[in-house]
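work-v9.cif (mmCIF, C-alpha atoms) appears below.
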data_start
#
loop_
_atom_site.label_atom_id
_atom_site.label_comp_id
_atom_site.auth_asym_id
_atom_site.auth_seq_id
_atom_site.Cartn_x
_atom_site.Cartn_y
_atom_site.Cartn_z
CA MET A 71 0.00 0.00 0.00
CA SER A 72 1.47 3.34 -1.02
CA ILE A 73 -1.56 5.46 -0.03
CA VAL A 74 -3.88 4.87 2.93
CA VAL A 75 -6.82 7.09 3.81
CA VAL A 76 -7.43 7.47 7.54
CA SER A 77 -11.01 8.30 8.48
CA GLY A 78 -13.19 7.71 11.49
CA THR A 79 -16.69 7.48 12.83
CA GLY A 80 -16.64 11.02 14.19
CA THR A 81 -14.47 13.80 15.51
CA GLU A 82 -12.11 13.87 18.49
CA ILE A 83 -11.72 10.09 18.54
CA GLY A 84 -7.99 9.78 17.95
CA LYS A 85 -7.50 9.91 14.17
CA THR A 86 -4.37 12.05 14.37
CA VAL A 87 -2.72 9.87 17.02
CA VAL A 88 -3.57 6.69 15.10
CA THR A 89 -2.18 8.27 11.93
CA ALA A 90 0.98 9.09 13.86
CA ALA A 91 1.25 5.53 15.16
CA VAL A 92 0.92 4.08 11.64
CA ALA A 93 3.50 6.59 10.41
CA ALA A 94 5.89 5.75 13.26
CA ALA A 95 5.67 2.01 12.53
CA ALA A 96 6.40 2.67 8.86
CA VAL A 97 9.35 4.93 9.68
CA ALA A 98 10.72 2.27 12.05
CA ALA A 99 10.58 -0.18 9.13
CA GLY A 100 12.70 2.17 7.03
CA ARG A 101 9.91 3.63 4.90
CA THR A 102 9.60 7.29 3.96
CA VAL A 103 6.23 8.70 5.00
CA ALA A 104 4.20 11.77 4.04
CA VAL A 105 1.09 12.92 5.87
CA LEU A 106 -1.56 14.84 3.94
CA LYS A 107 -4.31 16.82 5.66
CA PRO A 108 -6.73 18.02 2.97
CA ALA A 109 -8.52 20.55 5.15
CA GLN A 110 -7.48 21.71 8.61
CA THR A 111 -10.17 23.56 10.53
CA GLY A 112 -10.25 25.43 13.80
CA LEU A 113 -6.66 26.68 13.88
CA ALA A 114 -4.95 29.99 13.29
CA PRO A 115 -2.27 30.15 10.56
CA ALA A 116 0.67 29.92 12.99
CA GLU A 117 -0.69 26.99 15.00
CA ARG A 118 0.57 23.44 14.51
CA GLY A 119 -1.90 21.38 12.49
CA ASP A 120 -2.69 17.68 12.55
CA ALA A 121 -0.18 16.82 9.83
CA ASP A 122 2.55 18.67 11.71
CA GLU A 123 1.63 16.83 14.88
CA VAL A 124 1.89 13.48 13.10
CA VAL A 125 5.36 14.36 11.86
CA ARG A 126 6.42 15.52 15.33
CA LEU A 127 5.30 12.32 17.02
CA SER A 128 6.28 9.83 14.34
CA GLY A 129 9.36 11.20 12.63
CA ALA A 130 7.61 11.09 9.25
CA LYS A 131 9.39 12.96 6.46
CA THR A 132 6.71 15.33 5.16
CA ALA A 133 3.62 17.17 6.40
CA ALA A 134 1.30 18.67 3.77
CA GLU A 135 -1.86 20.70 4.23
CA LEU A 136 -4.02 21.91 1.36
CA ALA A 137 -6.28 24.39 3.13
CA ARG A 138 -6.80 25.86 6.57
CA TYR A 139 -10.00 27.44 7.84
CA PRO A 140 -10.21 29.33 11.15
CA GLU A 141 -13.44 27.98 12.61
CA PRO A 142 -13.74 24.43 14.05
CA LEU A 143 -16.47 23.29 11.65
CA ALA A 144 -16.92 20.83 8.80
CA PRO A 145 -14.60 21.84 5.92
CA ASP A 146 -17.44 22.93 3.63
CA THR A 147 -19.08 25.06 6.33
CA ALA A 148 -15.76 26.48 7.53
CA ALA A 149 -14.70 27.42 3.99
CA ARG A 150 -18.05 29.05 3.21
CA ARG A 151 -18.08 31.11 6.42
CA ALA A 152 -14.50 32.23 5.88
CA GLY A 153 -15.17 33.20 2.26
CA MET A 154 -12.45 30.82 1.16
CA ALA A 155 -12.30 28.22 -1.58
CA PRO A 156 -13.13 24.65 -0.59
CA VAL A 157 -10.88 21.69 -1.31
CA GLY A 158 -12.34 19.27 -3.84
CA PRO A 159 -11.52 15.56 -4.02
CA GLU A 160 -9.65 15.85 -7.31
CA ARG A 161 -7.17 18.29 -5.77
CA VAL A 162 -6.67 16.01 -2.78
CA ALA A 163 -6.13 12.96 -4.97
CA GLU A 164 -3.67 14.86 -7.15
CA ALA A 165 -1.68 15.95 -4.10
CA ALA A 166 -1.64 12.42 -2.68
CA ARG A 167 -0.40 10.96 -5.95
CA ALA A 168 2.35 13.58 -6.16
CA LEU A 169 3.50 12.74 -2.63
CA ALA A 170 3.41 9.02 -3.43
CA GLU A 171 5.97 9.59 -6.18
CA GLU A 172 8.50 10.68 -3.55
CA HIS A 173 7.48 8.66 -0.48
CA ASP A 174 6.94 4.99 0.26
CA LEU A 175 3.71 5.69 2.17
CA VAL A 176 1.21 8.54 2.07
CA LEU A 177 -1.34 8.83 4.86
CA VAL A 178 -4.35 11.02 4.04
CA GLU A 179 -6.06 12.06 7.27
CA GLY A 180 -9.63 13.27 6.95
CA ALA A 181 -11.61 15.68 9.11
CA GLY A 182 -14.37 14.28 11.27
CA GLY A 183 -16.17 11.26 9.87
CA LEU A 184 -16.13 9.68 6.43
CA LEU A 185 -19.03 11.64 4.95
CA VAL A 186 -18.24 15.12 6.27
CA ARG A 187 -18.68 17.49 3.34
CA PHE A 188 -15.63 19.04 1.69
CA ASP A 189 -17.53 21.38 -0.63
CA GLN A 190 -20.99 22.59 -1.64
CA ASP A 191 -21.32 19.71 -4.12
CA GLY A 192 -21.29 17.24 -1.25
CA HIS A 193 -17.92 15.64 -1.95
CA THR A 194 -16.35 13.77 0.95
CA LEU A 195 -13.27 11.83 1.96
CA ALA A 196 -14.94 8.76 0.47
CA ASP A 197 -14.67 10.42 -2.95
CA VAL A 198 -10.95 10.93 -2.36
CA ALA A 199 -10.48 7.24 -1.50
CA ARG A 200 -12.49 6.21 -4.56
CA LEU A 201 -10.44 8.42 -6.89
CA LEU A 202 -7.21 7.05 -5.45
CA GLY A 203 -8.36 3.44 -5.27
CA ALA A 204 -6.93 3.54 -1.74
CA PRO A 205 -8.05 1.53 1.29
CA VAL A 206 -9.59 3.31 4.27
CA LEU A 207 -8.47 2.73 7.84
CA VAL A 208 -11.36 3.59 10.18
CA VAL A 209 -10.63 4.97 13.65
CA VAL A 210 -13.34 4.27 16.21
CA PRO A 211 -14.03 5.04 19.87
CA ALA A 212 -13.93 2.23 22.39
CA GLY A 213 -17.19 2.51 24.29
CA LEU A 214 -20.96 2.43 24.10
CA GLY A 215 -22.38 3.59 20.76
CA THR A 216 -19.36 2.72 18.67
CA LEU A 217 -20.93 -0.35 17.05
CA ASN A 218 -23.66 1.62 15.32
CA SER A 219 -21.36 4.33 13.97
CA THR A 220 -18.82 1.71 12.90
CA ALA A 221 -21.48 -0.29 11.04
CA LEU A 222 -22.80 2.85 9.31
CA THR A 223 -19.30 3.83 8.18
CA ALA A 224 -18.63 0.32 6.89
CA GLU A 225 -21.93 0.31 5.02
CA ALA A 226 -21.08 3.64 3.38
CA LEU A 227 -17.71 2.27 2.25
CA ARG A 228 -19.21 -0.92 0.84
CA ALA A 229 -21.90 1.02 -1.02
CA ARG A 230 -19.16 2.98 -2.79
CA GLY A 231 -16.99 -0.03 -3.53
CA ILE A 232 -14.19 1.22 -1.28
CA GLU A 233 -11.95 -1.22 0.56
CA GLN A 234 -11.96 -0.96 4.34
CA LEU A 235 -8.53 -1.90 5.62
CA GLY A 236 -9.77 -2.41 9.17
CA VAL A 237 -10.58 -0.54 12.36
CA VAL A 238 -8.38 0.83 15.13
CA VAL A 239 -9.59 1.99 18.53
CA GLY A 240 -8.30 5.54 18.74
CA SER A 241 -8.24 5.93 22.53
CA TRP A 242 -8.31 2.75 24.59
CA PRO A 243 -9.13 3.63 28.22
CA ALA A 244 -6.84 2.72 31.09
CA ALA A 245 -9.86 1.27 32.91
CA PRO A 246 -12.17 -0.09 30.16
CA ASP A 247 -15.79 -0.63 31.11
CA LEU A 248 -17.94 -3.60 30.14
CA ALA A 249 -19.04 -2.06 26.84
CA ALA A 250 -15.46 -1.34 25.76
CA ARG A 251 -14.31 -4.86 26.61
CA CYS A 252 -17.24 -6.44 24.75
CA ASN A 253 -16.64 -4.18 21.77
CA LEU A 254 -13.26 -5.78 21.15
CA ALA A 255 -15.13 -8.86 19.94
CA ASP A 256 -18.07 -7.02 18.40
CA LEU A 257 -16.27 -4.30 16.41
CA PRO A 258 -14.99 -6.64 13.68
CA GLU A 259 -18.54 -7.93 13.20
CA ALA A 260 -19.95 -4.42 12.98
CA ALA A 261 -17.23 -3.30 10.59
CA GLY A 262 -17.03 -6.43 8.49
CA ALA A 263 -13.27 -5.88 8.75
CA PRO A 264 -10.55 -6.81 11.24
CA LEU A 265 -9.65 -4.96 14.41
CA LEU A 266 -6.11 -3.76 13.73
CA GLY A 267 -5.10 -2.04 16.92
CA ALA A 268 -5.88 -0.07 20.04
CA VAL A 269 -3.97 3.08 20.95
CA PRO A 270 -3.91 3.84 24.69
CA GLU A 271 -5.62 7.03 25.79
CA GLY A 272 -3.22 9.89 26.31
CA SER A 273 -0.63 8.52 23.89
CA GLY A 274 -0.48 11.81 22.01
CA ALA A 275 1.01 13.43 25.11
CA LEU A 276 4.03 11.13 25.10
CA ASP A 277 7.50 12.35 24.27
CA PRO A 278 8.12 11.62 20.57
CA ALA A 279 10.88 9.11 21.35
CA ALA A 280 8.58 7.20 23.72
CA PHE A 281 5.72 7.39 21.23
CA ARG A 282 7.84 5.94 18.43
CA ALA A 283 9.17 3.17 20.65
CA ALA A 284 5.66 2.12 21.70
CA ALA A 285 3.68 2.63 18.49
CA GLY A 286 4.35 -0.78 16.97
CA GLY A 287 2.87 -2.45 20.02
CA TRP A 288 -0.45 -0.74 19.40
CA LEU A 289 -0.90 -1.91 15.81
CA ALA A 290 -1.42 -5.25 14.07
CA PRO A 291 1.21 -6.65 11.69
CA VAL A 292 -0.65 -5.43 8.58
CA LEU A 293 0.02 -1.90 9.88
CA GLY A 294 3.63 -2.68 10.68
CA GLY A 295 3.19 -3.56 14.34
CA THR A 296 3.09 -6.55 16.67
CA TRP A 297 -0.31 -6.09 18.33
CA ASP A 298 -2.44 -9.23 18.64
CA ALA A 299 -6.21 -8.76 18.80
CA ASP A 300 -6.94 -12.06 20.57
CA GLY A 301 -4.24 -11.56 23.17
CA PHE A 302 -5.35 -7.99 23.81
CA ALA A 303 -8.97 -9.06 24.25
CA ASP A 304 -7.95 -11.83 26.66
CA GLY A 305 -6.02 -9.29 28.71
CA ALA A 306 -8.96 -6.88 28.77
CA ARG A 307 -11.32 -9.62 29.92
CA ALA A 308 -8.95 -10.48 32.75
CA LEU A 309 -8.85 -6.94 34.14
CA PRO A 310 -11.89 -7.17 36.47
CA GLN A 311 -10.57 -10.36 38.11
CA GLU A 312 -7.10 -8.90 38.51
CA ALA A 313 -8.46 -5.68 39.96
CA GLY A 314 -10.49 -7.56 42.52
CA ALA A 315 -7.76 -10.00 43.50
#

Give the structure from the file, written as structure tokens.
Amino acid sequence: MSIVVVSGTGTEIGKTVVTAAVAAAAVAAGRTVAVLKPAQTGLAPAERGDADEVVRLSGAKTAAELARYPEPLAPDTAARRAGMAPVGPERVAEAARALAEEHDLVLVEGAGGLLVRFDQDGHTLADVARLLGAPVLVVVPAGLGTLNSTALTAEALRARGIEQLGVVVGSWPAAPDLAARCNLADLPEAAGAPLLGAVPEGSGALDPAAFRAAAGGWLAPVLGGTWDADGFADGARALPQEAGA
């Protein structure tokens, strides 16, 4: 895979940290990595964006951002309110292909969920993935409600003929509740795709060296890591007994 699109079931669920973990694992394997953020919203021009944060944490080679809008809204809404041009899927796909000519891996991180609008014509990150013929890695929350949003995202991908690479839990809690533990088994069923990792909550606050050293342990081998879904689930199920011992 030379281009992977990273999406999610919503906002603030860990897409940037998961993107950084995938990038870190690829860098550790000797691959050159570029991170493309089509539309960054909610930041001033001088602030560090998501692509910059991925590079900082992972050691990736290149951060690229196509547009930045000041208000923390969906890209289409933010562009319209700012009186700025939106970013269409063709421009995103063109930029991703150009980066792929100079890097071994390009990670395209979306904003919000899969079907958040990029422009007034209703184009979304799904259109970018379709144009690129790239698989989509879906980042999901751990707890109650995630199965429905995961299933809806998977259904939208299937309806468009887009490959879903798998799902990664973007912020695995230190003390998972019953719903989170059960979801480890249920998420692959809801997604119709494998569970490919779980990133511990708070990982984005780690020192970059510590983040890079740990990232491979959060991701399955297909993403360049060593994480084992069955072993992780067994450990999560054992937590209540261990806590009460």

Within 8 Å of (-15.7, -0.5, 20.3) (coordinates as in the file), grab all the protein and nucleic acid residues, counting all atoms listed in the file, and write them out as an mmCIF file with C-alpha atoms, keeping the file's coordinate frame.
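The new file selection.cif reads:
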data_model
loop_
_atom_site.group_PDB
_atom_site.id
_atom_site.type_symbol
_atom_site.label_atom_id
_atom_site.label_comp_id
_atom_site.auth_asym_id
_atom_site.auth_seq_id
_atom_site.Cartn_x
_atom_site.Cartn_y
_atom_site.Cartn_z
ATOM 1 C CA VAL A 210 -13.340 4.270 16.210
ATOM 2 C CA PRO A 211 -14.030 5.040 19.870
ATOM 3 C CA ALA A 212 -13.930 2.230 22.390
ATOM 4 C CA GLY A 213 -17.190 2.510 24.290
ATOM 5 C CA LEU A 214 -20.960 2.430 24.100
ATOM 6 C CA GLY A 215 -22.380 3.590 20.760
ATOM 7 C CA THR A 216 -19.360 2.720 18.670
ATOM 8 C CA LEU A 217 -20.930 -0.350 17.050
ATOM 9 C CA VAL A 239 -9.590 1.990 18.530
ATOM 10 C CA ALA A 249 -19.040 -2.060 26.840
ATOM 11 C CA ALA A 250 -15.460 -1.340 25.760
ATOM 12 C CA ARG A 251 -14.310 -4.860 26.610
ATOM 13 C CA CYS A 252 -17.240 -6.440 24.750
ATOM 14 C CA ASN A 253 -16.640 -4.180 21.770
ATOM 15 C CA LEU A 254 -13.260 -5.780 21.150
ATOM 16 C CA ASP A 256 -18.070 -7.020 18.400
ATOM 17 C CA LEU A 257 -16.270 -4.300 16.410
#

Neighbouring residues of Arg307 of chain A were defined as those with any atom within 10 Å, considering all atoms listed in the file; residues of the same chain fewer than 4 positions away were excluded. Please report them as a compact mmCIF listing (two decimals) with C-alpha atoms, keeping the file's coordinate frame.
# COMPACT_ATOMS: atom_id res chain seq x y z
CA PRO A 246 -12.17 -0.09 30.16
CA LEU A 248 -17.94 -3.60 30.14
CA ARG A 251 -14.31 -4.86 26.61
CA CYS A 252 -17.24 -6.44 24.75
CA LEU A 254 -13.26 -5.78 21.15
CA GLY A 301 -4.24 -11.56 23.17
CA PHE A 302 -5.35 -7.99 23.81
CA ALA A 303 -8.97 -9.06 24.25
CA GLN A 311 -10.57 -10.36 38.11
CA GLU A 312 -7.10 -8.90 38.51

Residue list as a VMD selection string for point (9.9, 7.5, 19.0), cut-off 10 Å, all atoms listed in the file: chain A and resid 91 94 to 95 97 to 98 126 to 129 276 to 285

Reference answer for the PyMOL selection byres ((chain A and resi 159) around 7), as a list in words: Val157, Gly158, Glu160, Arg161, Val162, Ala163, His193, Asp197 and Val198 of chain A

Can you check which parts of segment 175-246 of chain A lie within 12 Å of segment 132-137 of chain A? Per residue, the shortest pair of atoms and distance in Å to one decimal, counting only C-alpha atoms, sorted by chain and number, as JSON lines.
{"residue": "A:Leu175", "atom": "CA", "partner": "A:Thr132", "partner_atom": "CA", "distance": 10.5}
{"residue": "A:Val176", "atom": "CA", "partner": "A:Thr132", "partner_atom": "CA", "distance": 9.3}
{"residue": "A:Leu177", "atom": "CA", "partner": "A:Ala133", "partner_atom": "CA", "distance": 9.8}
{"residue": "A:Val178", "atom": "CA", "partner": "A:Ala134", "partner_atom": "CA", "distance": 9.5}
{"residue": "A:Glu179", "atom": "CA", "partner": "A:Glu135", "partner_atom": "CA", "distance": 10.1}
{"residue": "A:Gly180", "atom": "CA", "partner": "A:Glu135", "partner_atom": "CA", "distance": 11.1}
{"residue": "A:Ala181", "atom": "CA", "partner": "A:Ala137", "partner_atom": "CA", "distance": 11.8}
{"residue": "A:Phe188", "atom": "CA", "partner": "A:Ala137", "partner_atom": "CA", "distance": 10.9}

Using the file's own x, y and z axes, so that the box edges lie along x, y and z, what centre and edge lengths in Å (one decimal) does a box around every listed atom of segment 172-186 of chain A get when 4 Å is added on each side? Give it as JSON.
{"center_x": -5.3, "center_y": 10.3, "center_z": 3.9, "size_x": 35.5, "size_y": 18.7, "size_z": 22.8}

Length of the atom CA of Ala226 of chain A to atom CA of Pro145 of chain A vector [Å]: 19.5 Å

Nearest-residue call for Ala221 of chain A, choices A:Trp288, A:Thr79, A:Asp120, A:Ser273, using all atoms listed in the file: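 Looking only at the distances to Ala221 of chain A, the closest residue turns out to be A:Thr79.
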
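Pairwise distance (atom CA of Gly287 of chain A, atom CA of Ala268 of chain A) equals 9.1 Å.
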
Residue nearest Ala93 of chain A among A:Val208, A:Leu185, A:Val125, A:Leu201 (counting all atoms listed in the file):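 Nearest to Ala93 of chain A: A:Val125.
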
Ala204 of chain A environment, 8 Å, all atoms listed in the file, sequence neighbours closer than 3 positions dropped, as a list in words: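 Those residues are Met71, Ile73, Val74, Val75, Ala199, Arg200, Leu201, Ile232 and Glu233 of chain A.
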
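In terms of minimum interatomic distance to Gly192 of chain A, A:Pro156 ranks closest within A:Pro205, A:Gly272, A:Pro115, A:Pro156, counting all atoms listed in the file.
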
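Proximity to Ala130 of chain A was assessed for A:Arg118, A:Leu227, A:Asp146, A:Val103 counting only C-alpha atoms; the smallest distance is recorded for A:Val103.
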